[in-house]
file work_1.pdb (PDB, C-alpha atoms, pLDDT in the B column)
ATOM      1  CA  LYS A  69       0.000   0.000   0.000  1.00 93.00           C
ATOM      2  CA  LEU A  70       2.826   2.409   0.855  1.00 95.00           C
ATOM      3  CA  PHE A  71       4.525   1.592  -2.432  1.00 94.00           C
ATOM      4  CA  GLU A  72       1.325   2.196  -4.400  1.00 93.00           C
ATOM      5  CA  GLN A  73       0.936   5.555  -2.653  1.00 96.00           C
ATOM      6  CA  GLY A  74       4.403   6.583  -3.821  1.00 95.00           C
ATOM      7  CA  LYS A  75       5.832   6.468  -0.278  1.00 96.00           C
ATOM      8  CA  PHE A  76       8.828   4.468  -1.429  1.00 97.00           C
ATOM      9  CA  ALA A  77      11.158   5.222   1.507  1.00 95.00           C
ATOM     10  CA  ASP A  78       8.444   4.180   3.981  1.00 97.00           C
ATOM     11  CA  ALA A  79       7.757   1.061   1.931  1.00 97.00           C
ATOM     12  CA  ALA A  80      11.453   0.171   2.000  1.00 96.00           C
ATOM     13  CA  THR A  81      11.538   0.574   5.784  1.00 96.00           C
ATOM     14  CA  ALA A  82       8.503  -1.703   6.120  1.00 96.00           C
ATOM     15  CA  TYR A  83      10.078  -4.320   3.840  1.00 96.00           C
ATOM     16  CA  GLU A  84      13.279  -4.170   5.920  1.00 95.00           C
ATOM     17  CA  ARG A  85      11.249  -4.987   9.035  1.00 94.00           C
ATOM     18  CA  LEU A  86       9.654  -7.941   7.257  1.00 94.00           C
ATOM     19  CA  LEU A  87      13.106  -9.367   6.517  1.00 92.00           C
ATOM     20  CA  THR A  88      13.432 -10.218  10.209  1.00 90.00           C
ATOM     21  CA  ASN A  89      10.708 -12.851   9.691  1.00 90.00           C
ATOM     22  CA  GLY A  90      12.847 -14.569   7.070  1.00 90.00           C
ATOM     23  CA  PRO A  91      14.078 -13.504   3.623  1.00 92.00           C
ATOM     24  CA  THR A  92      12.254 -14.526   0.459  1.00 95.00           C
ATOM     25  CA  ALA A  93      12.948 -13.777  -3.184  1.00 95.00           C
ATOM     26  CA  ALA A  94       9.718 -11.768  -3.471  1.00 96.00           C
ATOM     27  CA  LEU A  95      10.572  -9.678  -0.415  1.00 96.00           C
ATOM     28  CA  HIS A  96      14.061  -8.824  -1.702  1.00 97.00           C
ATOM     29  CA  PHE A  97      12.572  -8.053  -5.124  1.00 97.00           C
ATOM     30  CA  ASN A  98      10.004  -5.650  -3.667  1.00 97.00           C
ATOM     31  CA  LEU A  99      12.607  -4.074  -1.407  1.00 97.00           C
ATOM     32  CA  GLY A 100      14.861  -3.576  -4.423  1.00 98.00           C
ATOM     33  CA  ASN A 101      12.011  -1.825  -6.260  1.00 97.00           C
ATOM     34  CA  ALA A 102      11.342   0.445  -3.292  1.00 98.00           C
ATOM     35  CA  ARG A 103      15.033   1.334  -2.977  1.00 97.00           C
ATOM     36  CA  PHE A 104      15.285   2.069  -6.699  1.00 97.00           C
ATOM     37  CA  LYS A 105      12.228   4.314  -6.596  1.00 97.00           C
ATOM     38  CA  SER A 106      13.759   6.048  -3.557  1.00 96.00           C
ATOM     39  CA  GLY A 107      16.824   7.002  -5.591  1.00 96.00           C
ATOM     40  CA  GLN A 108      19.099   4.367  -4.041  1.00 97.00           C
ATOM     41  CA  PRO A 109      20.284   2.301  -7.020  1.00 97.00           C
ATOM     42  CA  GLY A 110      23.091   0.595  -5.125  1.00 97.00           C
ATOM     43  CA  LYS A 111      20.807  -0.771  -2.439  1.00 97.00           C
ATOM     44  CA  ALA A 112      18.300  -1.771  -5.129  1.00 98.00           C
ATOM     45  CA  ILE A 113      20.957  -3.725  -7.044  1.00 97.00           C
ATOM     46  CA  PHE A 114      22.057  -5.397  -3.799  1.00 98.00           C
ATOM     47  CA  HIS A 115      18.533  -6.671  -3.114  1.00 98.00           C
ATOM     48  CA  TYR A 116      17.969  -7.773  -6.712  1.00 97.00           C
ATOM     49  CA  HIS A 117      21.108  -9.901  -6.355  1.00 95.00           C
ATOM     50  CA  LEU A 118      19.752 -11.438  -3.138  1.00 96.00           C
ATOM     51  CA  ALA A 119      16.430 -12.134  -4.863  1.00 96.00           C
ATOM     52  CA  LEU A 120      18.320 -13.976  -7.613  1.00 93.00           C
ATOM     53  CA  ARG A 121      20.285 -15.971  -5.047  1.00 90.00           C
ATOM     54  CA  LEU A 122      16.960 -17.364  -3.816  1.00 91.00           C
ATOM     55  CA  ALA A 123      15.218 -17.543  -7.199  1.00 92.00           C
ATOM     56  CA  PRO A 124      17.987 -17.604  -9.824  1.00 89.00           C
ATOM     57  CA  ARG A 125      15.672 -17.968 -12.819  1.00 90.00           C
ATOM     58  CA  ASP A 126      13.207 -15.223 -11.845  1.00 94.00           C
ATOM     59  CA  PRO A 127      12.835 -13.108 -15.020  1.00 94.00           C
ATOM     60  CA  ASP A 128      11.438 -10.094 -13.133  1.00 96.00           C
ATOM     61  CA  ALA A 129      14.367  -9.887 -10.708  1.00 96.00           C
ATOM     62  CA  ARG A 130      16.882 -10.346 -13.524  1.00 93.00           C
ATOM     63  CA  GLY A 131      15.073  -7.817 -15.701  1.00 95.00           C
ATOM     64  CA  ASN A 132      14.954  -5.189 -12.949  1.00 97.00           C
ATOM     65  CA  LEU A 133      18.621  -5.767 -12.158  1.00 96.00           C
ATOM     66  CA  GLN A 134      19.501  -5.114 -15.785  1.00 94.00           C
ATOM     67  CA  PHE A 135      17.214  -2.056 -15.853  1.00 96.00           C
ATOM     68  CA  ALA A 136      18.908  -0.620 -12.761  1.00 96.00           C
ATOM     69  CA  ARG A 137      22.301  -1.172 -14.346  1.00 95.00           C
ATOM     70  CA  ARG A 138      21.230   0.491 -17.598  1.00 94.00           C
ATOM     71  CA  SER A 139      19.877   3.476 -15.671  1.00 94.00           C
ATOM     72  CA  LEU A 140      23.445   3.993 -14.432  1.00 93.00           C
ATOM     73  CA  GLY A 141      24.919   3.473 -17.888  1.00 89.00           C
ATOM     74  CA  VAL A 142      26.559   0.245 -16.771  1.00 83.00           C
ATOM     75  CA  THR A 143      26.798  -3.135 -18.468  1.00 74.00           C
ATOM     76  CA  VAL A 144      28.117  -6.185 -16.640  1.00 75.00           C
ATOM     77  CA  ASP A 145      29.641  -9.019 -18.668  1.00 68.00           C
ATOM     78  CA  GLU A 146      29.218 -12.181 -16.644  1.00 70.00           C
ATOM     79  CA  PRO A 147      31.433 -15.144 -17.641  1.00 68.00           C
ATOM     80  CA  LEU A 148      29.453 -17.980 -19.234  1.00 69.00           C
ATOM     81  CA  THR A 149      30.640 -20.478 -16.624  1.00 73.00           C
ATOM     82  CA  ARG A 150      29.398 -18.278 -13.768  1.00 70.00           C
ATOM     83  CA  HIS A 151      26.102 -17.704 -15.557  1.00 68.00           C
ATOM     84  CA  LEU A 152      25.600 -21.473 -15.884  1.00 73.00           C
ATOM     85  CA  LEU A 153      26.467 -22.092 -12.236  1.00 71.00           C
ATOM     86  CA  ARG A 154      23.975 -19.466 -11.124  1.00 72.00           C
ATOM     87  CA  LEU A 155      21.079 -20.910 -13.077  1.00 75.00           C
ATOM     88  CA  HIS A 156      20.384 -22.840  -9.876  1.00 76.00           C
ATOM     89  CA  SER A 157      20.676 -21.829  -6.243  1.00 78.00           C
ATOM     90  CA  THR A 158      23.133 -23.620  -3.962  1.00 80.00           C
ATOM     91  CA  ALA A 159      20.195 -25.449  -2.366  1.00 82.00           C
ATOM     92  CA  GLU A 160      19.020 -26.656  -5.781  1.00 81.00           C
ATOM     93  CA  TRP A 161      22.471 -27.891  -6.768  1.00 80.00           C
ATOM     94  CA  THR A 162      22.671 -29.687  -3.403  1.00 86.00           C
ATOM     95  CA  TRP A 163      19.294 -31.365  -4.002  1.00 85.00           C
ATOM     96  CA  LEU A 164      20.261 -32.412  -7.543  1.00 84.00           C
ATOM     97  CA  ALA A 165      23.592 -33.839  -6.408  1.00 86.00           C
ATOM     98  CA  GLY A 166      21.953 -35.662  -3.488  1.00 89.00           C
ATOM     99  CA  ALA A 167      19.187 -37.112  -5.658  1.00 87.00           C
ATOM    100  CA  GLY A 168      21.648 -38.245  -8.314  1.00 85.00           C
ATOM    101  CA  LEU A 169      23.957 -39.888  -5.805  1.00 87.00           C
ATOM    102  CA  GLY A 170      21.012 -41.546  -4.048  1.00 89.00           C
ATOM    103  CA  ALA A 171      19.683 -43.016  -7.292  1.00 87.00           C
ATOM    104  CA  TRP A 172      23.164 -44.209  -8.247  1.00 85.00           C
ATOM    105  CA  PHE A 173      23.697 -45.986  -4.914  1.00 87.00           C
ATOM    106  CA  VAL A 174      20.272 -47.629  -5.171  1.00 87.00           C
ATOM    107  CA  LEU A 175      21.113 -48.984  -8.633  1.00 82.00           C
ATOM    108  CA  LEU A 176      24.501 -50.205  -7.396  1.00 84.00           C
ATOM    109  CA  ALA A 177      22.789 -51.961  -4.499  1.00 88.00           C
ATOM    110  CA  LEU A 178      20.266 -53.574  -6.859  1.00 83.00           C
ATOM    111  CA  GLY A 179      23.128 -54.805  -8.992  1.00 83.00           C
ATOM    112  CA  GLU A 180      24.669 -56.501  -5.970  1.00 84.00           C
ATOM    113  CA  ALA A 181      21.333 -57.929  -4.831  1.00 84.00           C
ATOM    114  CA  LEU A 182      20.320 -59.146  -8.312  1.00 82.00           C
ATOM    115  CA  PRO A 183      23.540 -60.164 -10.054  1.00 82.00           C
ATOM    116  CA  ALA A 184      21.652 -61.981 -12.814  1.00 78.00           C
ATOM    117  CA  LYS A 185      19.975 -58.754 -13.906  1.00 76.00           C
ATOM    118  CA  ARG A 186      22.940 -56.472 -13.336  1.00 76.00           C
ATOM    119  CA  ALA A 187      23.845 -56.330 -17.013  1.00 79.00           C
ATOM    120  CA  ALA A 188      20.270 -55.392 -17.979  1.00 77.00           C
ATOM    121  CA  PHE A 189      20.430 -52.025 -16.231  1.00 74.00           C
ATOM    122  CA  ALA A 190      24.175 -51.462 -16.328  1.00 83.00           C
ATOM    123  CA  TRP A 191      23.692 -48.561 -18.763  1.00 83.00           C
ATOM    124  CA  LEU A 192      21.221 -46.957 -16.344  1.00 84.00           C
ATOM    125  CA  THR A 193      23.679 -47.292 -13.470  1.00 85.00           C
ATOM    126  CA  LYS A 194      26.442 -45.685 -15.515  1.00 87.00           C
ATOM    127  CA  THR A 195      24.149 -42.877 -16.665  1.00 87.00           C
ATOM    128  CA  PHE A 196      23.031 -42.002 -13.139  1.00 84.00           C
ATOM    129  CA  GLY A 197      26.621 -42.289 -11.954  1.00 86.00           C
ATOM    130  CA  ALA A 198      27.732 -39.755 -14.544  1.00 89.00           C
ATOM    131  CA  ILE A 199      24.824 -37.429 -13.700  1.00 86.00           C
ATOM    132  CA  ALA A 200      25.545 -37.691  -9.974  1.00 85.00           C
ATOM    133  CA  LEU A 201      29.244 -36.924 -10.420  1.00 87.00           C
ATOM    134  CA  LEU A 202      28.471 -33.998 -12.729  1.00 86.00           C
ATOM    135  CA  ALA A 203      25.953 -32.527 -10.277  1.00 84.00           C
ATOM    136  CA  ALA A 204      28.410 -32.963  -7.394  1.00 88.00           C
ATOM    137  CA  ALA A 205      31.141 -31.242  -9.430  1.00 88.00           C
ATOM    138  CA  LEU A 206      28.802 -28.338 -10.257  1.00 84.00           C
ATOM    139  CA  LEU A 207      27.828 -28.043  -6.589  1.00 84.00           C
ATOM    140  CA  ALA A 208      31.499 -27.888  -5.615  1.00 86.00           C
ATOM    141  CA  ALA A 209      32.156 -25.312  -8.340  1.00 82.00           C
ATOM    142  CA  THR A 210      29.219 -23.208  -7.131  1.00 78.00           C
ATOM    143  CA  HIS A 211      30.555 -23.225  -3.561  1.00 75.00           C
ATOM    144  CA  TRP A 212      34.029 -22.337  -4.808  1.00 79.00           C
ATOM    145  CA  ASP A 213      32.675 -19.495  -6.957  1.00 73.00           C
ATOM    146  CA  ARG A 214      30.606 -18.038  -4.104  1.00 71.00           C
ATOM    147  CA  ASN A 215      33.472 -18.301  -1.599  1.00 72.00           C
ATOM    148  CA  THR A 216      36.264 -16.977  -3.809  1.00 71.00           C
ATOM    149  CA  THR A 217      34.378 -14.276  -5.733  1.00 78.00           C
ATOM    150  CA  ARG A 218      33.209 -11.867  -3.063  1.00 90.00           C
ATOM    151  CA  GLN A 219      30.977  -9.226  -4.569  1.00 93.00           C
ATOM    152  CA  ALA A 220      29.909  -5.876  -3.154  1.00 97.00           C
ATOM    153  CA  VAL A 221      27.846  -2.888  -4.258  1.00 97.00           C
ATOM    154  CA  VAL A 222      28.523   0.794  -3.607  1.00 97.00           C
ATOM    155  CA  VAL A 223      25.587   2.233  -1.624  1.00 97.00           C
ATOM    156  CA  VAL A 224      26.706   5.861  -1.155  1.00 97.00           C
ATOM    157  CA  PRO A 225      26.536   8.678  -3.745  1.00 96.00           C
ATOM    158  CA  GLU A 226      30.310   8.601  -4.236  1.00 96.00           C
ATOM    159  CA  ALA A 227      33.005   6.384  -2.740  1.00 97.00           C
ATOM    160  CA  PRO A 228      36.617   7.606  -3.044  1.00 97.00           C
ATOM    161  CA  VAL A 229      39.068   4.834  -3.944  1.00 97.00           C
ATOM    162  CA  ARG A 230      42.546   5.234  -2.486  1.00 97.00           C
ATOM    163  CA  PRO A 231      45.836   3.464  -3.227  1.00 96.00           C
ATOM    164  CA  GLY A 232      46.154   2.393   0.393  1.00 94.00           C
ATOM    165  CA  PRO A 233      43.902   1.759   3.410  1.00 95.00           C
ATOM    166  CA  LEU A 234      44.495   5.223   4.837  1.00 92.00           C
ATOM    167  CA  ALA A 235      42.199   8.222   4.941  1.00 89.00           C
ATOM    168  CA  GLU A 236      45.255  10.414   4.282  1.00 90.00           C
ATOM    169  CA  SER A 237      45.878   8.709   0.919  1.00 90.00           C
ATOM    170  CA  LYS A 238      44.854  10.836  -2.030  1.00 93.00           C
ATOM    171  CA  ALA A 239      41.875   9.369  -3.877  1.00 95.00           C
ATOM    172  CA  ALA A 240      42.846   7.856  -7.230  1.00 95.00           C
ATOM    173  CA  PHE A 241      39.270   7.735  -8.507  1.00 96.00           C
ATOM    174  CA  ALA A 242      35.721   7.407  -7.192  1.00 96.00           C
ATOM    175  CA  LEU A 243      32.974   4.841  -7.539  1.00 96.00           C
ATOM    176  CA  ARG A 244      29.365   5.910  -7.979  1.00 96.00           C
ATOM    177  CA  ASP A 245      26.288   4.617  -6.208  1.00 97.00           C
ATOM    178  CA  GLY A 246      25.395   1.236  -7.694  1.00 96.00           C
ATOM    179  CA  ALA A 247      28.887   0.263  -8.866  1.00 96.00           C
ATOM    180  CA  GLU A 248      29.443  -3.482  -8.533  1.00 95.00           C
ATOM    181  CA  VAL A 249      32.916  -4.555  -7.456  1.00 95.00           C
ATOM    182  CA  ILE A 250      34.923  -7.620  -6.470  1.00 93.00           C
ATOM    183  CA  VAL A 251      36.358  -7.609  -2.944  1.00 95.00           C
ATOM    184  CA  LEU A 252      40.029  -8.595  -2.981  1.00 94.00           C
ATOM    185  CA  ASP A 253      41.128  -7.982   0.607  1.00 95.00           C
ATOM    186  CA  ALA A 254      40.099  -6.392   3.889  1.00 95.00           C
ATOM    187  CA  LYS A 255      41.951  -4.439   6.547  1.00 95.00           C
ATOM    188  CA  ASP A 256      40.268  -2.840   9.544  1.00 93.00           C
ATOM    189  CA  ASP A 257      37.581  -0.481   8.191  1.00 95.00           C
ATOM    190  CA  TRP A 258      38.777  -0.786   4.598  1.00 97.00           C
ATOM    191  CA  LEU A 259      38.098  -3.105   1.678  1.00 97.00           C
ATOM    192  CA  GLN A 260      40.344  -3.534  -1.327  1.00 97.00           C
ATOM    193  CA  VAL A 261      38.160  -3.775  -4.420  1.00 97.00           C
ATOM    194  CA  ARG A 262      38.390  -4.134  -8.189  1.00 95.00           C
ATOM    195  CA  ASP A 263      35.799  -2.537 -10.456  1.00 93.00           C
ATOM    196  CA  ALA A 264      34.537  -3.556 -13.903  1.00 88.00           C
ATOM    197  CA  GLY A 265      37.331  -1.550 -15.528  1.00 89.00           C
ATOM    198  CA  GLN A 266      39.940  -3.605 -13.615  1.00 91.00           C
ATOM    199  CA  ARG A 267      40.899  -0.617 -11.469  1.00 95.00           C
ATOM    200  CA  ALA A 268      41.797  -1.529  -7.902  1.00 97.00           C
ATOM    201  CA  GLY A 269      42.079   0.360  -4.650  1.00 97.00           C
ATOM    202  CA  TRP A 270      40.840   0.719  -1.096  1.00 97.00           C
ATOM    203  CA  VAL A 271      37.371   1.925  -0.063  1.00 97.00           C
ATOM    204  CA  LYS A 272      35.842   2.531   3.340  1.00 97.00           C
ATOM    205  CA  ARG A 273      33.888  -0.551   4.371  1.00 96.00           C
ATOM    206  CA  ASP A 274      30.692   1.358   5.192  1.00 96.00           C
ATOM    207  CA  ALA A 275      30.457   2.653   1.591  1.00 97.00           C
ATOM    208  CA  LEU A 276      29.772  -0.900   0.384  1.00 97.00           C
ATOM    209  CA  TRP A 277      27.282  -3.644   1.023  1.00 97.00           C
ATOM    210  CA  GLN A 278      28.859  -7.077   0.602  1.00 96.00           C
ATOM    211  CA  LEU A 279      26.856  -9.912  -0.886  1.00 93.00           C
ATOM    212  CA  PRO A 280      26.829 -13.041   1.299  1.00 85.00           C
TER     213      PRO A 280
END
call {"tool": "encode", "arguments": {"input": "work_1.pdb", "output": "structure tokens"}}
result
Amino acid sequence: KLFEQGKFADAATAYERLLTNGPTAALHFNLGNARFKSGQPGKAIFHYHLALRLAPRDPDARGNLQFARRSLGVTVDEPLTRHLLRLHSTAEWTWLAGAGLGAWFVLLALGEALPAKRAAFAWLTKTFGAIALLAAALLAATHWDRNTTRQAVVVVPEAPVRPGPLAESKAAFALRDGAEVIVLDAKDDWLQVRDAGQRAGWVKRDALWQLP
């Protein structure tokens, strides 16, 4: 109701309170919309990402993320391998790997229990074995990608980037609200980041929201 009345900041505050009851893709999506309408593109992009973590094939969340990026004049080229890994959530990859391994073990057990018929479904056992191993490998790759590629979004109008983690360092350049970066390192209240243009430097931690 607040959103429909154009009270976007109030709507965002209400959505934030609802997050304490448990995050959902729809809640993050709506919160992203409210933040975008409130003139906070960085926070909007952050919540669209979280919506996609929970519902990776949601066309509305992906479409609004791309719209927010275009409104900033930004395009993000995601590697094909990462795009494929993120077609499913970590929970979905876990379920697929578990189901594949379970089916494989059942077929192996049947082969031991019914040796006379083992050859009849040997091809099925091999197929499920290959599927199970592939799903397990993709699950491992997804975990590795999430743990090694730490992403963050700038959520302040302008974030100075310095060559070192010191406030006295002269800013080399600045990142605008909504810029998406990779976190390389951390030290005290500073994060070392790399932007889409491969520029690197140190930014105050509170200027960024890190994706889990």
call {"tool": "residues_near_point", "arguments": {"input": "work_1.pdb", "point": "(27.7, -33.2, -7.6)", "cutoff": "10 Å", "atoms": "only C-alpha atoms", "output": "VMD selection string"}}
result
chain A and resid 161 to 169 198 to 209
call {"tool": "resolve_selection", "arguments": {"input": "work_1.pdb", "expression": "the PyMOL selection byres ((chain A and resi 99) around 10)", "output": "JSON, numbers by chain"}}
result
{"A": [71, 76, 77, 79, 80, 81, 82, 83, 84, 86, 87, 93, 94, 95, 96, 97, 98, 100, 101, 102, 103, 104, 105, 111, 112, 114, 115, 116, 119]}
call {"tool": "atom_distance", "arguments": {"input": "work_1.pdb", "atom1": "CA of Thr88 in chain A", "atom2": "CA of Pro280 in chain A"}}
result
16.3 Å
call {"tool": "atom_distance", "arguments": {"input": "work_1.pdb", "atom1": "CA of Val221 in chain A", "atom2": "CA of Trp277 in chain A"}}
result
5.4 Å
call {"tool": "axis_aligned_box", "arguments": {"input": "work_1.pdb", "around": "range 134-144 of chain A", "padding_each_side": "3 Å", "output": "lines of an AutoDock Vina configuration file"}}
result
center_x = 22.7
center_y = -1.1
center_z = -15.6
size_x = 16.9
size_y = 16.2
size_z = 11.7
call {"tool": "atom_distance", "arguments": {"input": "work_1.pdb", "atom1": "CA of Ser106 in chain A", "atom2": "CA of Asp78 in chain A"}}
result
9.4 Å
call {"tool": "resolve_selection", "arguments": {"input": "work_1.pdb", "expression": "the PyMOL selection byres ((chain A and resi 255) around 10)", "output": "list of chain:residue names"}}
result
A:Pro233, A:Asp253, A:Ala254, A:Asp256, A:Asp257, A:Trp258, A:Leu259, A:Gln260, A:Trp270, A:Lys272, A:Arg273
call {"tool": "closest_residue", "arguments": {"input": "work_1.pdb", "among": "A:Gly246, A:Pro124, A:Gly131, A:Gly141", "to": "Gln108 in chain A", "atoms": "all atoms listed in the file"}}
result
A:Gly246
call {"tool": "closest_residue", "arguments": {"input": "work_1.pdb", "among": "A:Arg244, A:Arg214, A:Lys194, A:Arg138", "to": "Ala227 in chain A", "atoms": "all atoms listed in the file"}}
result
A:Arg244
